[in-house]
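Since the structure comes first, as structure tokens, the remarks are kept for the end.
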Amino acid sequence: MSCEQAERDLDAYLDGELDAGVAMTVRNHLGTCAACRRHVVEREALSRLVETAPYYSAPERLRARVVAQTTRFRFVRRAMMLAAAAALAVSAGGGMMLLRSASTFVDAIADDAVDSHVRSLMANHLFDVQSTDQHTVKPWFQGKLDFSPPVVDLASNGFPLVGGRLDFLGGRPVAALVYQRQKHAINVFVSPEHDDASARAAVRSVRGFHVHHWTHGGMSFWAVSDVNDSELTEFSRALGAS
Ligand SMILES: [Zn+2]
């Protein structure tokens, strides 16, 4: 997809009016094109302005939809702020400050993972492909990502695979795998391991959600859920060991 096409479809995309195939093409383009992501940020700023204008009171459902769509791109803004902070640190020659911005980056990814998890549940968009068969879910990603995520069913461990979708984490396209534990969903975001601070394993709690991060076989994994911490640990171990 060209930038012109993306630009033309962007409003409809943000309004959720495109059919799934076109929406995915736009999403993929945004994942690789910083210029078009900037357009999204501009539109976001505009819609915020409209929302807060005194003469305009959006109905609650519309407001919720706008919020759900615009939060998808909050990370871009956050990442830009972090980049600016890092540039400042370099010019000040402060090694400590650089170190701090690196850990802030991991925090931002964890925060972003929780955002994506919440959004997938709120917007009822857990799946682009809904299947308990790993041999259906894995090939679905083919041609949609420039890597092949490992997909395993963990039903025998009490965590059945239920589907997957394309998502973004840290401004990068990722495979989101969805597992189930009783009534709870577990989102796992998988992408190639990048040479940055996110390579460190981490367990944390963000806004009441548990977030586990690890790397394995050249891939980076972020698991998010509201299951209790010991269950998510059990899940992460099972997935990490598979
Ligand atoms: Zn573009």
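If you're wondering about the labels, chains in the structure tokens are A, B, ... by order shown, residues count from 1 in each chain, ligands from 1 in order shown.
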Could you produce a table of the residues of chain A lying within 10 Å of ligand 1, with the nearest pair of atoms per residue and their separation in Å rounded to one decimal, using only C-alpha atoms and all ligand atoms, ordered by chain and increasing residue number, as CSV?
residue,atom,partner,partner_atom_place_in_ligand_line,distance
A:Met1,CA,ligand 1,1 (Zn),8.1
A:Ser2,CA,ligand 1,1 (Zn),6.2
A:Cys3,CA,ligand 1,1 (Zn),3.6
A:Glu4,CA,ligand 1,1 (Zn),7.2
A:Gln5,CA,ligand 1,1 (Zn),8.4
A:Ala6,CA,ligand 1,1 (Zn),6.3
A:Glu7,CA,ligand 1,1 (Zn),7.4
A:Val26,CA,ligand 1,1 (Zn),9.1
A:His29,CA,ligand 1,1 (Zn),6.3
A:Leu30,CA,ligand 1,1 (Zn),6.6
A:Gly31,CA,ligand 1,1 (Zn),9.2
A:Thr32,CA,ligand 1,1 (Zn),7.7
A:Cys33,CA,ligand 1,1 (Zn),4.6
A:Ala34,CA,ligand 1,1 (Zn),6.8
A:Ala35,CA,ligand 1,1 (Zn),5.4
A:Cys36,CA,ligand 1,1 (Zn),4.3
A:Arg37,CA,ligand 1,1 (Zn),7.5
A:Arg38,CA,ligand 1,1 (Zn),9.2
A:His39,CA,ligand 1,1 (Zn),9.0
Compile a residue-level contact table for stretch 164-237 of chain A against stretch 121-145 of chain A at a cut-off of 8 Å, reporting for every qualifying residue the shortest atom pair and its distance in Å to one decimal, with only C-alpha atoms counted, rows ordered by chain and ascending number, as a Markdown table.
| residue | atom | partner | partner_atom | distance |
| --- | --- | --- | --- | --- |
| A:Gly164 | CA | A:Phe127 | CA | 5.2 |
| A:Arg165 | CA | A:Asp128 | CA | 4.4 |
| A:Leu166 | CA | A:Asp128 | CA | 7.1 |
| A:Pro173 | CA | A:Leu145 | CA | 7.3 |
| A:Val174 | CA | A:Leu145 | CA | 7.5 |
| A:Ala175 | CA | A:Phe141 | CA | 7.5 |
| A:Val178 | CA | A:Leu126 | CA | 7.3 |
Can those selected residues be exported to a file as an mmCIF file, in the first residue's frame so that it contains C-alpha atoms?
data_model
loop_
_atom_site.group_PDB
_atom_site.id
_atom_site.type_symbol
_atom_site.label_atom_id
_atom_site.label_comp_id
_atom_site.auth_asym_id
_atom_site.auth_seq_id
_atom_site.Cartn_x
_atom_site.Cartn_y
_atom_site.Cartn_z
ATOM 1 C CA GLY A 164 -4.812 -14.703 17.256
ATOM 2 C CA ARG A 165 -4.743 -11.312 15.606
ATOM 3 C CA LEU A 166 -2.371 -8.662 14.332
ATOM 4 C CA PRO A 173 3.581 -4.975 14.276
ATOM 5 C CA VAL A 174 3.349 -8.083 16.441
ATOM 6 C CA ALA A 175 1.486 -11.373 16.508
ATOM 7 C CA VAL A 178 -4.860 -15.458 22.691
#
Inset, instruction - Enumerate as a ChimeraX atom specification all residues of stretch 100-220 of chain A assigned to helix (DSSP H, G or I) by DSSP on the backbone, naming them with the chain letters and numbers the document uses. - result: /A:100-122,134-140,155-157,197-199
Preceding selection exported with N, CA, C and O atoms as a short mmCIF file (atom, residue, chain, number, x, y, z; two decimals), in the first residue's frame:
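To be explicit, this is the file written out as part.cif:
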data_model
loop_
_atom_site.label_atom_id
_atom_site.label_comp_id
_atom_site.auth_asym_id
_atom_site.auth_seq_id
_atom_site.Cartn_x
_atom_site.Cartn_y
_atom_site.Cartn_z
N ARG A 100 18.38 5.38 32.45
CA ARG A 100 17.02 5.56 32.95
C ARG A 100 16.01 5.55 31.82
O ARG A 100 14.96 4.97 31.93
N SER A 101 16.38 6.19 30.70
CA SER A 101 15.41 6.23 29.60
C SER A 101 15.24 4.83 29.01
O SER A 101 14.19 4.51 28.49
N ALA A 102 16.28 3.98 29.11
CA ALA A 102 16.14 2.61 28.62
C ALA A 102 15.12 1.85 29.46
O ALA A 102 14.28 1.13 28.93
N SER A 103 15.15 2.02 30.78
CA SER A 103 14.19 1.30 31.61
C SER A 103 12.79 1.90 31.43
O SER A 103 11.79 1.21 31.51
N THR A 104 12.74 3.21 31.15
CA THR A 104 11.45 3.83 30.86
C THR A 104 10.85 3.23 29.60
O THR A 104 9.65 3.05 29.48
N PHE A 105 11.73 2.89 28.66
CA PHE A 105 11.28 2.29 27.41
C PHE A 105 10.59 0.96 27.67
O PHE A 105 9.52 0.68 27.13
N VAL A 106 11.20 0.13 28.54
CA VAL A 106 10.59 -1.16 28.89
C VAL A 106 9.25 -0.93 29.59
O VAL A 106 8.26 -1.62 29.31
N ASP A 107 9.21 0.07 30.49
CA ASP A 107 7.95 0.41 31.15
C ASP A 107 6.89 0.78 30.12
O ASP A 107 5.73 0.39 30.25
N ALA A 108 7.30 1.55 29.13
CA ALA A 108 6.35 2.00 28.10
C ALA A 108 5.82 0.81 27.32
O ALA A 108 4.63 0.75 26.99
N ILE A 109 6.69 -0.17 27.02
CA ILE A 109 6.25 -1.37 26.30
C ILE A 109 5.25 -2.15 27.17
O ILE A 109 4.20 -2.60 26.68
N ALA A 110 5.58 -2.31 28.46
CA ALA A 110 4.68 -3.04 29.36
C ALA A 110 3.33 -2.34 29.43
O ALA A 110 2.27 -2.98 29.38
N ASP A 111 3.37 -1.02 29.51
CA ASP A 111 2.15 -0.22 29.56
C ASP A 111 1.35 -0.40 28.27
O ASP A 111 0.12 -0.55 28.29
N ASP A 112 2.07 -0.39 27.16
CA ASP A 112 1.45 -0.55 25.85
C ASP A 112 0.81 -1.93 25.73
O ASP A 112 -0.28 -2.07 25.16
N ALA A 113 1.48 -2.95 26.28
CA ALA A 113 0.95 -4.31 26.23
C ALA A 113 -0.37 -4.38 27.00
O ALA A 113 -1.33 -5.02 26.54
N VAL A 114 -0.44 -3.69 28.14
CA VAL A 114 -1.68 -3.67 28.93
C VAL A 114 -2.77 -2.93 28.16
O VAL A 114 -3.92 -3.38 28.09
N ASP A 115 -2.40 -1.80 27.53
CA ASP A 115 -3.37 -1.06 26.70
C ASP A 115 -3.97 -1.98 25.63
O ASP A 115 -5.18 -2.00 25.43
N SER A 116 -3.11 -2.70 24.93
CA SER A 116 -3.57 -3.57 23.85
C SER A 116 -4.47 -4.67 24.39
O SER A 116 -5.48 -5.02 23.78
N HIS A 117 -4.10 -5.20 25.55
CA HIS A 117 -4.90 -6.25 26.18
C HIS A 117 -6.31 -5.72 26.50
O HIS A 117 -7.32 -6.33 26.12
N VAL A 118 -6.35 -4.56 27.15
CA VAL A 118 -7.63 -3.97 27.55
C VAL A 118 -8.48 -3.65 26.32
O VAL A 118 -9.67 -3.94 26.26
N ARG A 119 -7.82 -3.06 25.30
CA ARG A 119 -8.52 -2.68 24.09
C ARG A 119 -9.12 -3.90 23.39
O ARG A 119 -10.25 -3.86 22.91
N SER A 120 -8.35 -4.99 23.36
CA SER A 120 -8.83 -6.19 22.67
C SER A 120 -10.10 -6.72 23.35
O SER A 120 -10.96 -7.28 22.69
N LEU A 121 -10.21 -6.53 24.65
CA LEU A 121 -11.39 -7.00 25.37
C LEU A 121 -12.54 -6.01 25.25
O LEU A 121 -13.69 -6.39 25.02
N MET A 122 -12.22 -4.70 25.38
CA MET A 122 -13.24 -3.65 25.32
C MET A 122 -13.89 -3.56 23.96
O MET A 122 -15.10 -3.44 23.82
N GLN A 134 -3.50 -24.90 16.40
CA GLN A 134 -2.26 -24.15 16.12
C GLN A 134 -1.91 -24.20 14.63
O GLN A 134 -1.25 -23.31 14.11
N HIS A 135 -2.35 -25.27 13.95
CA HIS A 135 -2.05 -25.40 12.53
C HIS A 135 -2.97 -24.54 11.67
O HIS A 135 -2.82 -24.47 10.45
N THR A 136 -3.94 -23.91 12.28
CA THR A 136 -4.77 -22.91 11.60
C THR A 136 -4.26 -21.51 11.94
O THR A 136 -4.18 -20.63 11.08
N VAL A 137 -3.92 -21.31 13.21
CA VAL A 137 -3.52 -19.97 13.68
C VAL A 137 -2.16 -19.58 13.10
O VAL A 137 -1.99 -18.47 12.60
N LYS A 138 -1.20 -20.49 13.15
CA LYS A 138 0.16 -20.14 12.69
C LYS A 138 0.19 -19.72 11.22
O LYS A 138 0.71 -18.66 10.90
N PRO A 139 -0.39 -20.54 10.31
CA PRO A 139 -0.34 -20.13 8.89
C PRO A 139 -1.12 -18.84 8.61
O PRO A 139 -0.84 -18.16 7.62
N TRP A 140 -2.08 -18.50 9.48
CA TRP A 140 -2.86 -17.28 9.26
C TRP A 140 -1.95 -16.05 9.23
O TRP A 140 -2.20 -15.09 8.51
N ALA A 155 -3.40 -26.53 25.74
CA ALA A 155 -4.62 -27.08 26.34
C ALA A 155 -4.28 -28.13 27.41
O ALA A 155 -4.93 -28.19 28.45
N SER A 156 -3.24 -28.92 27.15
CA SER A 156 -2.88 -29.97 28.10
C SER A 156 -2.33 -29.38 29.40
O SER A 156 -2.28 -30.04 30.42
N ASN A 157 -1.92 -28.10 29.35
CA ASN A 157 -1.46 -27.42 30.56
C ASN A 157 -2.58 -26.59 31.21
O ASN A 157 -2.35 -25.85 32.15
N ALA A 197 16.67 -2.60 25.13
CA ALA A 197 16.55 -2.91 26.55
C ALA A 197 15.41 -3.89 26.84
O ALA A 197 15.38 -4.50 27.90
N SER A 198 14.49 -4.05 25.88
CA SER A 198 13.35 -4.92 26.15
C SER A 198 13.76 -6.39 26.23
O SER A 198 12.97 -7.25 26.54
N ALA A 199 15.05 -6.68 25.92
CA ALA A 199 15.52 -8.06 25.95
C ALA A 199 15.57 -8.62 27.37
O ALA A 199 15.65 -9.82 27.56
#
Inset, instruction - State, in Å with one decimal place, the distance from atom CA of A:Val41 to atom CA of A:Asp146. - result: 24.6 Å
Legend entry - Selected residue, from A:Ala185, A:Asp153, A:Val211, A:Asp15, that lies nearest to A:Leu239 when counting only C-alpha atoms: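 For A:Leu239, the nearest of the candidates is A:Asp153.
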